[in-house]
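Asks: Structure file my_file_5.pdb (PDB, C-alpha atoms and all ligand atoms) is given on the next line.
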ATOM      1  CA  MET A  28       0.000   0.000   0.000  1.00  0.00           C
ATOM      2  CA  ARG A  29       1.268   3.403  -0.916  1.00  0.00           C
ATOM      3  CA  GLU A  30       1.703   5.813   1.888  1.00  0.00           C
ATOM      4  CA  ILE A  31       0.233   9.239   1.603  1.00  0.00           C
ATOM      5  CA  SER A  32       3.166  11.450   2.183  1.00  0.00           C
ATOM      6  CA  GLU A  33       3.228  14.966   3.467  1.00  0.00           C
ATOM      7  CA  PRO A  34       2.996  17.478   0.675  1.00  0.00           C
ATOM      8  CA  GLN A  35       6.481  18.273  -0.499  1.00  0.00           C
ATOM      9  CA  PRO A  36       7.549  21.850  -0.091  1.00  0.00           C
ATOM     10  CA  THR A  37       7.918  23.625  -3.379  1.00  0.00           C
ATOM     11  CA  GLN A  38      10.965  25.669  -4.179  1.00  0.00           C
ATOM     12  CA  THR A  39       9.714  28.630  -2.236  1.00  0.00           C
ATOM     13  CA  SER A  40      13.177  29.843  -1.427  1.00  0.00           C
ATOM     14  CA  GLU A  41      13.661  30.852  -5.046  1.00  0.00           C
ATOM     15  CA  ILE A  42      10.345  32.645  -5.338  1.00  0.00           C
ATOM     16  CA  SER A  43      10.796  36.252  -4.383  1.00  0.00           C
ATOM     17  CA  ALA A  44       8.226  39.011  -4.076  1.00  0.00           C
ATOM     18  CA  PRO A  45       6.726  39.888  -7.470  1.00  0.00           C
ATOM     19  CA  ARG A  46       8.668  42.634  -9.174  1.00  0.00           C
ATOM     20  CA  PRO A  47       6.711  45.683 -10.204  1.00  0.00           C
ATOM     21  CA  THR A  48       5.894  45.425 -13.863  1.00  0.00           C
ATOM     22  CA  ALA A  49       4.828  48.140 -16.248  1.00  0.00           C
ATOM     23  CA  SER A  50       1.234  47.376 -15.423  1.00  0.00           C
ATOM     24  CA  THR A  51       1.648  47.607 -11.638  1.00  0.00           C
ATOM     25  CA  MET A  52       3.910  50.627 -11.417  1.00  0.00           C
ATOM     26  CA  PRO A  53       1.896  53.461  -9.929  1.00  0.00           C
ATOM     27  CA  GLU A  54       3.111  56.087 -12.374  1.00  0.00           C
ATOM     28  CA  THR A  55       2.215  53.847 -15.347  1.00  0.00           C
ATOM     29  CA  LEU A  56      -1.239  53.229 -13.906  1.00  0.00           C
ATOM     30  CA  GLU A  57      -1.651  56.951 -13.460  1.00  0.00           C
ATOM     31  CA  LYS A  58      -0.704  57.554 -17.087  1.00  0.00           C
ATOM     32  CA  ILE A  59      -3.126  54.864 -18.315  1.00  0.00           C
ATOM     33  CA  GLU A  60      -5.916  56.392 -16.229  1.00  0.00           C
ATOM     34  CA  GLU A  61      -5.074  59.813 -17.667  1.00  0.00           C
ATOM     35  CA  ILE A  62      -5.238  58.466 -21.230  1.00  0.00           C
ATOM     36  CA  ASP A  63      -8.579  56.713 -20.537  1.00  0.00           C
ATOM     37  CA  ALA A  64     -10.038  59.820 -18.968  1.00  0.00           C
ATOM     38  CA  GLU A  65      -9.070  61.902 -21.976  1.00  0.00           C
ATOM     39  CA  THR A  66     -10.258  59.569 -24.714  1.00  0.00           C
ATOM     40  CA  PRO A  67     -13.349  60.990 -26.376  1.00  0.00           C
ATOM     41  CA  LEU A  68     -16.025  58.328 -26.711  1.00  0.00           C
ATOM     42  CA  VAL A  69     -18.004  60.231 -29.302  1.00  0.00           C
ATOM     43  CA  GLY A  70     -16.777  62.078 -32.366  1.00  0.00           C
ATOM     44  CA  ILE A  71     -19.126  64.836 -33.474  1.00  0.00           C
ATOM     45  CA  ILE A  72     -18.331  65.755 -37.057  1.00  0.00           C
ATOM     46  CA  MET A  73     -20.069  68.221 -39.356  1.00  0.00           C
ATOM     47  CA  GLY A  74     -19.771  69.370 -42.935  1.00  0.00           C
ATOM     48  CA  SER A  75     -19.233  73.072 -42.294  1.00  0.00           C
ATOM     49  CA  LYS A  76     -18.363  75.427 -39.468  1.00  0.00           C
ATOM     50  CA  ASN A  77     -21.742  76.946 -40.253  1.00  0.00           C
ATOM     51  CA  ASP A  78     -23.335  73.747 -38.869  1.00  0.00           C
ATOM     52  CA  MET A  79     -21.729  74.305 -35.473  1.00  0.00           C
ATOM     53  CA  GLU A  80     -24.667  76.031 -33.819  1.00  0.00           C
ATOM     54  CA  LYS A  81     -27.108  73.340 -34.951  1.00  0.00           C
ATOM     55  CA  MET A  82     -24.800  70.572 -33.707  1.00  0.00           C
ATOM     56  CA  GLN A  83     -24.140  72.144 -30.324  1.00  0.00           C
ATOM     57  CA  PRO A  84     -27.095  70.382 -28.594  1.00  0.00           C
ATOM     58  CA  ALA A  85     -25.439  67.017 -29.279  1.00  0.00           C
ATOM     59  CA  GLU A  86     -22.326  68.145 -27.437  1.00  0.00           C
ATOM     60  CA  LYS A  87     -24.448  69.527 -24.596  1.00  0.00           C
ATOM     61  CA  ALA A  88     -26.445  66.274 -24.240  1.00  0.00           C
ATOM     62  CA  LEU A  89     -23.217  64.281 -24.022  1.00  0.00           C
ATOM     63  CA  GLU A  90     -21.743  66.735 -21.555  1.00  0.00           C
ATOM     64  CA  ASP A  91     -24.872  66.365 -19.391  1.00  0.00           C
ATOM     65  CA  ALA A  92     -24.435  62.593 -19.519  1.00  0.00           C
ATOM     66  CA  GLY A  93     -20.779  62.938 -18.486  1.00  0.00           C
ATOM     67  CA  ILE A  94     -19.493  61.560 -21.787  1.00  0.00           C
ATOM     68  CA  LEU A  95     -16.407  63.042 -23.364  1.00  0.00           C
ATOM     69  CA  CYS A  96     -16.689  63.974 -27.025  1.00  0.00           C
ATOM     70  CA  GLU A  97     -14.673  65.850 -29.608  1.00  0.00           C
ATOM     71  CA  VAL A  98     -16.015  68.171 -32.271  1.00  0.00           C
ATOM     72  CA  ARG A  99     -14.498  68.432 -35.767  1.00  0.00           C
ATOM     73  CA  VAL A 100     -15.476  70.126 -39.005  1.00  0.00           C
ATOM     74  CA  MET A 101     -14.875  68.025 -42.125  1.00  0.00           C
ATOM     75  CA  SER A 102     -16.869  67.863 -45.291  1.00  0.00           C
ATOM     76  CA  ALA A 103     -17.474  64.638 -47.176  1.00  0.00           C
ATOM     77  CA  HIS A 104     -17.243  66.619 -50.409  1.00  0.00           C
ATOM     78  CA  ARG A 105     -14.537  69.162 -49.609  1.00  0.00           C
ATOM     79  CA  ASP A 106     -12.278  67.003 -47.407  1.00  0.00           C
ATOM     80  CA  PRO A 107     -12.991  63.389 -48.392  1.00  0.00           C
ATOM     81  CA  GLU A 108      -9.544  62.124 -47.388  1.00  0.00           C
ATOM     82  CA  LEU A 109      -9.793  63.675 -43.924  1.00  0.00           C
ATOM     83  CA  VAL A 110     -13.225  62.134 -43.346  1.00  0.00           C
ATOM     84  CA  ARG A 111     -11.928  58.751 -44.440  1.00  0.00           C
ATOM     85  CA  GLU A 112      -8.885  58.906 -42.189  1.00  0.00           C
ATOM     86  CA  TYR A 113     -10.845  60.188 -39.173  1.00  0.00           C
ATOM     87  CA  CYS A 114     -13.524  57.514 -39.425  1.00  0.00           C
ATOM     88  CA  MET A 115     -11.085  54.678 -40.124  1.00  0.00           C
ATOM     89  CA  ASN A 116      -9.093  55.558 -36.977  1.00  0.00           C
ATOM     90  CA  ALA A 117     -12.022  56.340 -34.673  1.00  0.00           C
ATOM     91  CA  LYS A 118     -12.498  52.824 -33.272  1.00  0.00           C
ATOM     92  CA  MET A 119      -8.781  52.323 -32.736  1.00  0.00           C
ATOM     93  CA  ARG A 120      -8.689  55.615 -30.817  1.00  0.00           C
ATOM     94  CA  GLY A 121     -11.291  54.221 -28.399  1.00  0.00           C
ATOM     95  CA  MET A 122     -14.355  55.965 -29.741  1.00  0.00           C
ATOM     96  CA  ARG A 123     -17.725  54.256 -29.506  1.00  0.00           C
ATOM     97  CA  VAL A 124     -20.059  56.384 -31.636  1.00  0.00           C
ATOM     98  CA  ILE A 125     -19.801  58.957 -34.424  1.00  0.00           C
ATOM     99  CA  ILE A 126     -22.402  61.693 -34.798  1.00  0.00           C
ATOM    100  CA  ALA A 127     -22.321  63.252 -38.273  1.00  0.00           C
ATOM    101  CA  GLY A 128     -24.286  66.366 -39.140  1.00  0.00           C
ATOM    102  CA  ALA A 129     -24.612  67.940 -42.563  1.00  0.00           C
ATOM    103  CA  GLY A 130     -27.005  69.953 -44.653  1.00  0.00           C
ATOM    104  CA  MET A 131     -28.052  69.990 -48.311  1.00  0.00           C
ATOM    105  CA  SER A 132     -26.600  66.961 -50.125  1.00  0.00           C
ATOM    106  CA  ALA A 133     -25.593  65.511 -46.771  1.00  0.00           C
ATOM    107  CA  ALA A 134     -23.106  62.800 -47.672  1.00  0.00           C
ATOM    108  CA  LEU A 135     -21.182  62.970 -44.403  1.00  0.00           C
ATOM    109  CA  PRO A 136     -23.165  60.444 -42.290  1.00  0.00           C
ATOM    110  CA  GLY A 137     -23.099  57.870 -45.088  1.00  0.00           C
ATOM    111  CA  VAL A 138     -19.446  58.378 -45.928  1.00  0.00           C
ATOM    112  CA  ALA A 139     -18.587  58.096 -42.235  1.00  0.00           C
ATOM    113  CA  ALA A 140     -20.523  54.819 -41.994  1.00  0.00           C
ATOM    114  CA  ALA A 141     -18.682  53.527 -45.050  1.00  0.00           C
ATOM    115  CA  HIS A 142     -15.357  53.911 -43.243  1.00  0.00           C
ATOM    116  CA  THR A 143     -16.064  52.642 -39.720  1.00  0.00           C
ATOM    117  CA  GLU A 144     -17.719  49.776 -37.885  1.00  0.00           C
ATOM    118  CA  LEU A 145     -18.848  52.167 -35.176  1.00  0.00           C
ATOM    119  CA  PRO A 146     -22.496  53.182 -34.988  1.00  0.00           C
ATOM    120  CA  VAL A 147     -23.038  56.405 -36.935  1.00  0.00           C
ATOM    121  CA  ILE A 148     -25.868  58.769 -36.064  1.00  0.00           C
ATOM    122  CA  GLY A 149     -26.767  61.188 -38.837  1.00  0.00           C
ATOM    123  CA  VAL A 150     -28.159  64.645 -38.173  1.00  0.00           C
ATOM    124  CA  PRO A 151     -29.792  66.194 -41.252  1.00  0.00           C
ATOM    125  CA  ILE A 152     -29.409  69.952 -41.055  1.00  0.00           C
ATOM    126  CA  LEU A 153     -31.983  72.368 -42.396  1.00  0.00           C
ATOM    127  CA  GLY A 154     -30.520  74.250 -45.340  1.00  0.00           C
ATOM    128  CA  LYS A 155     -31.763  77.257 -47.266  1.00  0.00           C
ATOM    129  CA  SER A 156     -34.101  75.295 -49.513  1.00  0.00           C
ATOM    130  CA  LEU A 157     -36.229  72.144 -49.660  1.00  0.00           C
ATOM    131  CA  GLY A 158     -37.036  72.317 -45.934  1.00  0.00           C
ATOM    132  CA  GLY A 159     -34.190  70.004 -44.999  1.00  0.00           C
ATOM    133  CA  LEU A 160     -35.668  67.128 -46.988  1.00  0.00           C
ATOM    134  CA  ASP A 161     -32.524  67.015 -49.139  1.00  0.00           C
ATOM    135  CA  ALA A 162     -30.327  66.320 -46.102  1.00  0.00           C
ATOM    136  CA  LEU A 163     -32.866  63.978 -44.497  1.00  0.00           C
ATOM    137  CA  LEU A 164     -33.106  61.761 -47.560  1.00  0.00           C
ATOM    138  CA  SER A 165     -29.336  61.792 -48.086  1.00  0.00           C
ATOM    139  CA  ALA A 166     -28.795  60.455 -44.567  1.00  0.00           C
ATOM    140  CA  VAL A 167     -31.721  58.071 -44.442  1.00  0.00           C
ATOM    141  CA  GLN A 168     -31.516  56.355 -47.827  1.00  0.00           C
ATOM    142  CA  MET A 169     -28.476  54.242 -47.122  1.00  0.00           C
ATOM    143  CA  PRO A 170     -27.858  51.026 -49.037  1.00  0.00           C
ATOM    144  CA  PRO A 171     -28.250  47.744 -47.087  1.00  0.00           C
ATOM    145  CA  GLY A 172     -25.113  46.917 -45.108  1.00  0.00           C
ATOM    146  CA  ILE A 173     -24.023  50.498 -44.450  1.00  0.00           C
ATOM    147  CA  PRO A 174     -26.328  51.651 -41.658  1.00  0.00           C
ATOM    148  CA  VAL A 175     -26.852  55.215 -40.479  1.00  0.00           C
ATOM    149  CA  ALA A 176     -29.194  55.865 -37.544  1.00  0.00           C
ATOM    150  CA  CYS A 177     -30.861  59.109 -38.477  1.00  0.00           C
ATOM    151  CA  VAL A 178     -32.528  61.581 -36.110  1.00  0.00           C
ATOM    152  CA  ALA A 179     -34.919  64.387 -37.061  1.00  0.00           C
ATOM    153  CA  ILE A 180     -33.987  67.439 -39.133  1.00  0.00           C
ATOM    154  CA  ASP A 181     -31.945  69.620 -36.760  1.00  0.00           C
ATOM    155  CA  GLY A 182     -32.268  66.826 -34.170  1.00  0.00           C
ATOM    156  CA  ALA A 183     -28.753  67.079 -32.753  1.00  0.00           C
ATOM    157  CA  LYS A 184     -29.983  66.867 -29.146  1.00  0.00           C
ATOM    158  CA  ASN A 185     -31.481  63.432 -29.767  1.00  0.00           C
ATOM    159  CA  ALA A 186     -28.289  62.358 -31.489  1.00  0.00           C
ATOM    160  CA  GLY A 187     -26.355  63.160 -28.319  1.00  0.00           C
ATOM    161  CA  ILE A 188     -28.877  61.371 -26.095  1.00  0.00           C
ATOM    162  CA  LEU A 189     -28.913  58.345 -28.401  1.00  0.00           C
ATOM    163  CA  ALA A 190     -25.112  58.183 -28.432  1.00  0.00           C
ATOM    164  CA  ALA A 191     -25.100  58.258 -24.621  1.00  0.00           C
ATOM    165  CA  ARG A 192     -27.630  55.408 -24.524  1.00  0.00           C
ATOM    166  CA  ILE A 193     -25.596  53.322 -26.957  1.00  0.00           C
ATOM    167  CA  ILE A 194     -22.516  53.821 -24.780  1.00  0.00           C
ATOM    168  CA  ASP A 195     -24.389  52.895 -21.601  1.00  0.00           C
ATOM    169  CA  CYS A 196     -25.674  49.602 -23.086  1.00  0.00           C
TER     170      CYS A 196
HETATM  171  C1  LIG B 201     -22.938  70.896 -46.207  1.00  0.00           C
HETATM  172  O1  LIG B 201     -23.348  71.961 -46.961  1.00  0.00           O
HETATM  173  C2  LIG B 201     -22.676  71.453 -44.830  1.00  0.00           C
HETATM  174  O2  LIG B 201     -22.950  70.472 -43.901  1.00  0.00           O
HETATM  175  C3  LIG B 201     -23.587  72.631 -44.716  1.00  0.00           C
HETATM  176  O3  LIG B 201     -24.733  72.337 -43.961  1.00  0.00           O
HETATM  177  C4  LIG B 201     -23.958  72.926 -46.162  1.00  0.00           C
HETATM  178  C5  LIG B 201     -23.514  74.283 -46.587  1.00  0.00           C
HETATM  179  O4  LIG B 201     -22.135  74.454 -46.314  1.00  0.00           O
HETATM  180  P1  LIG B 201     -21.525  75.925 -46.168  1.00  0.00           P
HETATM  181  O5  LIG B 201     -21.657  76.545 -47.516  1.00  0.00           O
HETATM  182  O6  LIG B 201     -22.349  76.634 -45.144  1.00  0.00           O
HETATM  183  O7  LIG B 201     -20.101  75.733 -45.734  1.00  0.00           O
HETATM  184  O8  LIG B 201     -21.789  70.293 -46.703  1.00  0.00           O
END
Output the file's structure in the form of structure tokens.
Ligand code: RP5
Replies:
Amino acid sequence: MREISEPQPTQTSEISAPRPTASTMPETLEKIEEIDAETPLVGIIMGSKNDMEKMQPAEKALEDAGILCEVRVMSAHRDPELVREYCMNAKMRGMRVIIAGAGMSAALPGVAAAHTELPVIGVPILGKSLGGLDALLSAVQMPPGIPVACVAIDGAKNAGILAARIIDC
């Protein structure tokens, strides 16, 4: 019959206290926390600086919800390369949602959605003619597979609230 022996001591003498690694060093942790705290979760983009006032309620809604966002002007027609680059990098930068506002032939929400896997919320902006229907249809009539969630004409506030809800899910 085999005897049950006392558990053999392991080589504890060679095991020393864990050394601080990059991930446990207080100053590194501090830096990581700083980076996290400064990463915008929502990118608010718009086709013209003239859209700024109409898009402001989105920023305000996110601010009220305690969600960090960044605001950028870039036109799908005038700065296509910038839009492409911004949207392609958004997810990698830690963003969760893009809000895209534009008026007239509002290509920006759709072009944004074409270049990111993030949810894109389109805000059609009322222009000088057609009662904003031009922008509404441009944002809403997306081909299958490239979704844009579209709020009302000049509905930036709802876009901000919706983005906050998506992030809280
Ligand atoms: C769109 O054309 C912009 O989003 C803006 O709403 C509209 C007019 O642009 P601006 O002439 O005011 O720059 O691209």
Asks: Work out how far apart atom CA of A:Arg105 and atom CA of A:Thr143 are and give it in Å to one decimal.
Replies: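 Separation between atom CA of A:Arg105 and atom CA of A:Thr143: 19.3 Å.
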Asks: Give me the residues of chain A that have any atom at most 12 Å from an atom of ligand LIG 201 (chain B); for each, the nearest atom pair and the distance in Å, rounded to one decimal. Use only C-alpha atoms and all ligand atoms, sort by chain and number, and format it as CSV.
Replies:
residue,atom,partner,partner_atom,distance
A:Ile72,CA,B:LIG201,O2,9.5
A:Met73,CA,B:LIG201,O2,5.8
A:Gly74,CA,B:LIG201,O2,3.5
A:Ser75,CA,B:LIG201,O7,4.4
A:Lys76,CA,B:LIG201,O7,6.5
A:Asn77,CA,B:LIG201,O6,4.9
A:Asp78,CA,B:LIG201,O3,5.5
A:Met79,CA,B:LIG201,O3,9.2
A:Glu80,CA,B:LIG201,O3,10.8
A:Lys81,CA,B:LIG201,O3,9.4
A:Met82,CA,B:LIG201,O2,10.4
A:Arg99,CA,B:LIG201,O2,11.9
A:Val100,CA,B:LIG201,O2,8.9
A:Met101,CA,B:LIG201,O8,8.6
A:Ser102,CA,B:LIG201,O8,5.7
A:Ala103,CA,B:LIG201,O8,7.1
A:His104,CA,B:LIG201,O8,6.9
A:Arg105,CA,B:LIG201,O8,7.9
A:Asp106,CA,B:LIG201,O8,10.1
A:Pro107,CA,B:LIG201,O8,11.3
A:Ala127,CA,B:LIG201,O2,9.2
A:Gly128,CA,B:LIG201,O2,6.4
A:Ala129,CA,B:LIG201,O2,3.3
A:Gly130,CA,B:LIG201,O3,3.4
A:Met131,CA,B:LIG201,O1,5.3
A:Ser132,CA,B:LIG201,C1,6.7
A:Ala133,CA,B:LIG201,C1,6.0
A:Ala134,CA,B:LIG201,O8,7.7
A:Leu135,CA,B:LIG201,O8,7.7
A:Pro136,CA,B:LIG201,O2,10.2
A:Gly149,CA,B:LIG201,O2,11.2
A:Val150,CA,B:LIG201,O2,9.7
A:Pro151,CA,B:LIG201,O3,8.4
A:Ile152,CA,B:LIG201,O3,6.0
A:Leu153,CA,B:LIG201,O3,7.4
A:Gly154,CA,B:LIG201,O3,6.2
A:Lys155,CA,B:LIG201,C5,8.8
A:Ser156,CA,B:LIG201,C4,10.9
A:Gly159,CA,B:LIG201,O3,9.8
A:Asp161,CA,B:LIG201,O1,10.6
A:Ala162,CA,B:LIG201,O3,8.5
A:Leu163,CA,B:LIG201,O3,11.7
A:Ser165,CA,B:LIG201,C1,11.3
A:Ala166,CA,B:LIG201,O2,11.6
A:Ile180,CA,B:LIG201,O3,11.5
A:Asp181,CA,B:LIG201,O3,10.5
Asks: Take the residues from that selection and put them in a file with C-alpha atoms, as a compact mmCIF listing (two decimals), in the frame of the given file.
Replies:
# COMPACT_ATOMS: atom_id res chain seq x y z
CA ILE A 72 -18.33 65.76 -37.06
CA MET A 73 -20.07 68.22 -39.36
CA GLY A 74 -19.77 69.37 -42.94
CA SER A 75 -19.23 73.07 -42.29
CA LYS A 76 -18.36 75.43 -39.47
CA ASN A 77 -21.74 76.95 -40.25
CA ASP A 78 -23.34 73.75 -38.87
CA MET A 79 -21.73 74.31 -35.47
CA GLU A 80 -24.67 76.03 -33.82
CA LYS A 81 -27.11 73.34 -34.95
CA MET A 82 -24.80 70.57 -33.71
CA ARG A 99 -14.50 68.43 -35.77
CA VAL A 100 -15.48 70.13 -39.01
CA MET A 101 -14.88 68.03 -42.12
CA SER A 102 -16.87 67.86 -45.29
CA ALA A 103 -17.47 64.64 -47.18
CA HIS A 104 -17.24 66.62 -50.41
CA ARG A 105 -14.54 69.16 -49.61
CA ASP A 106 -12.28 67.00 -47.41
CA PRO A 107 -12.99 63.39 -48.39
CA ALA A 127 -22.32 63.25 -38.27
CA GLY A 128 -24.29 66.37 -39.14
CA ALA A 129 -24.61 67.94 -42.56
CA GLY A 130 -27.00 69.95 -44.65
CA MET A 131 -28.05 69.99 -48.31
CA SER A 132 -26.60 66.96 -50.12
CA ALA A 133 -25.59 65.51 -46.77
CA ALA A 134 -23.11 62.80 -47.67
CA LEU A 135 -21.18 62.97 -44.40
CA PRO A 136 -23.16 60.44 -42.29
CA GLY A 149 -26.77 61.19 -38.84
CA VAL A 150 -28.16 64.64 -38.17
CA PRO A 151 -29.79 66.19 -41.25
CA ILE A 152 -29.41 69.95 -41.06
CA LEU A 153 -31.98 72.37 -42.40
CA GLY A 154 -30.52 74.25 -45.34
CA LYS A 155 -31.76 77.26 -47.27
CA SER A 156 -34.10 75.30 -49.51
CA GLY A 159 -34.19 70.00 -45.00
CA ASP A 161 -32.52 67.02 -49.14
CA ALA A 162 -30.33 66.32 -46.10
CA LEU A 163 -32.87 63.98 -44.50
CA SER A 165 -29.34 61.79 -48.09
CA ALA A 166 -28.80 60.46 -44.57
CA ILE A 180 -33.99 67.44 -39.13
CA ASP A 181 -31.94 69.62 -36.76
Asks: Between A:Val98, A:Leu160, A:Leu145, A:Cys114, single out the one closest to A:Ala190, counting only C-alpha atoms.
Replies: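 Using only C-alpha atoms, A:Ala190 sits closest to A:Leu145.
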Asks: Using only C-alpha atoms for the distances, tell me which of A:Asp195, A:Lys184, A:Ile148, A:Gly137 is nearest to A:Pro171.
Replies: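 Using only C-alpha atoms, the shortest distance to A:Pro171 belongs to A:Gly137.
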Asks: Please compute the atom CA of A:Ile194-atom CA of A:Arg120 distance, one decimal, in Å.
Replies: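 The value is 15.2 Å.
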Asks: Distance atom CA of A:Ala191-atom CA of A:Pro67, one decimal place?
Replies: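 Between atom CA of A:Ala191 and atom CA of A:Pro67 the gap works out to 12.2 Å.
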Asks: Might you pull out every residue within 9 Å of A:Pro174, with all atoms listed in the file counted and same-chain residues fewer than 2 positions away left off, and present them as a PyMOL selection string?
Replies: chain A and resi 137+140-141+146-147+167+169-172+176
Asks: Quick one: of A:Ala139, A:Leu157, A:Ala183, A:Ala92, who's nearest to A:Leu109, counting all atoms listed in the file?
Replies: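 Smallest separation from A:Leu109 among the options: A:Ala139.
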Asks: Can you tell me, as a ChimeraX atom specification, what residues are no more than 6 Å from A:Gly187 when counting only C-alpha atoms, ignoring any on the same chain fewer than 5 positions away?
Replies: /A:85,88-89
Asks: Residues picked by the PyMOL selection byres (((chain A and resi 116) around 12) and not hetatm) here, as a list in words?
Replies: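 This file gives the following for the PyMOL selection byres (((chain A and resi 116) around 12) and not hetatm): Gly70, Leu109, Val110, Arg111, Glu112, Tyr113, Cys114, Met115, Ala117, Lys118, Met119, Arg120, Gly121, Met122, Arg123, Ile125, Ala139, His142, Thr143, Glu144 and Leu145 of chain A.
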Asks: Smallest atom-to-atom distance to A:Glu97: which of A:Val138, A:Leu164, A:Val124, A:Val69, using only C-alpha atoms?
Replies: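 Result for the nearest residue to A:Glu97: A:Val69.
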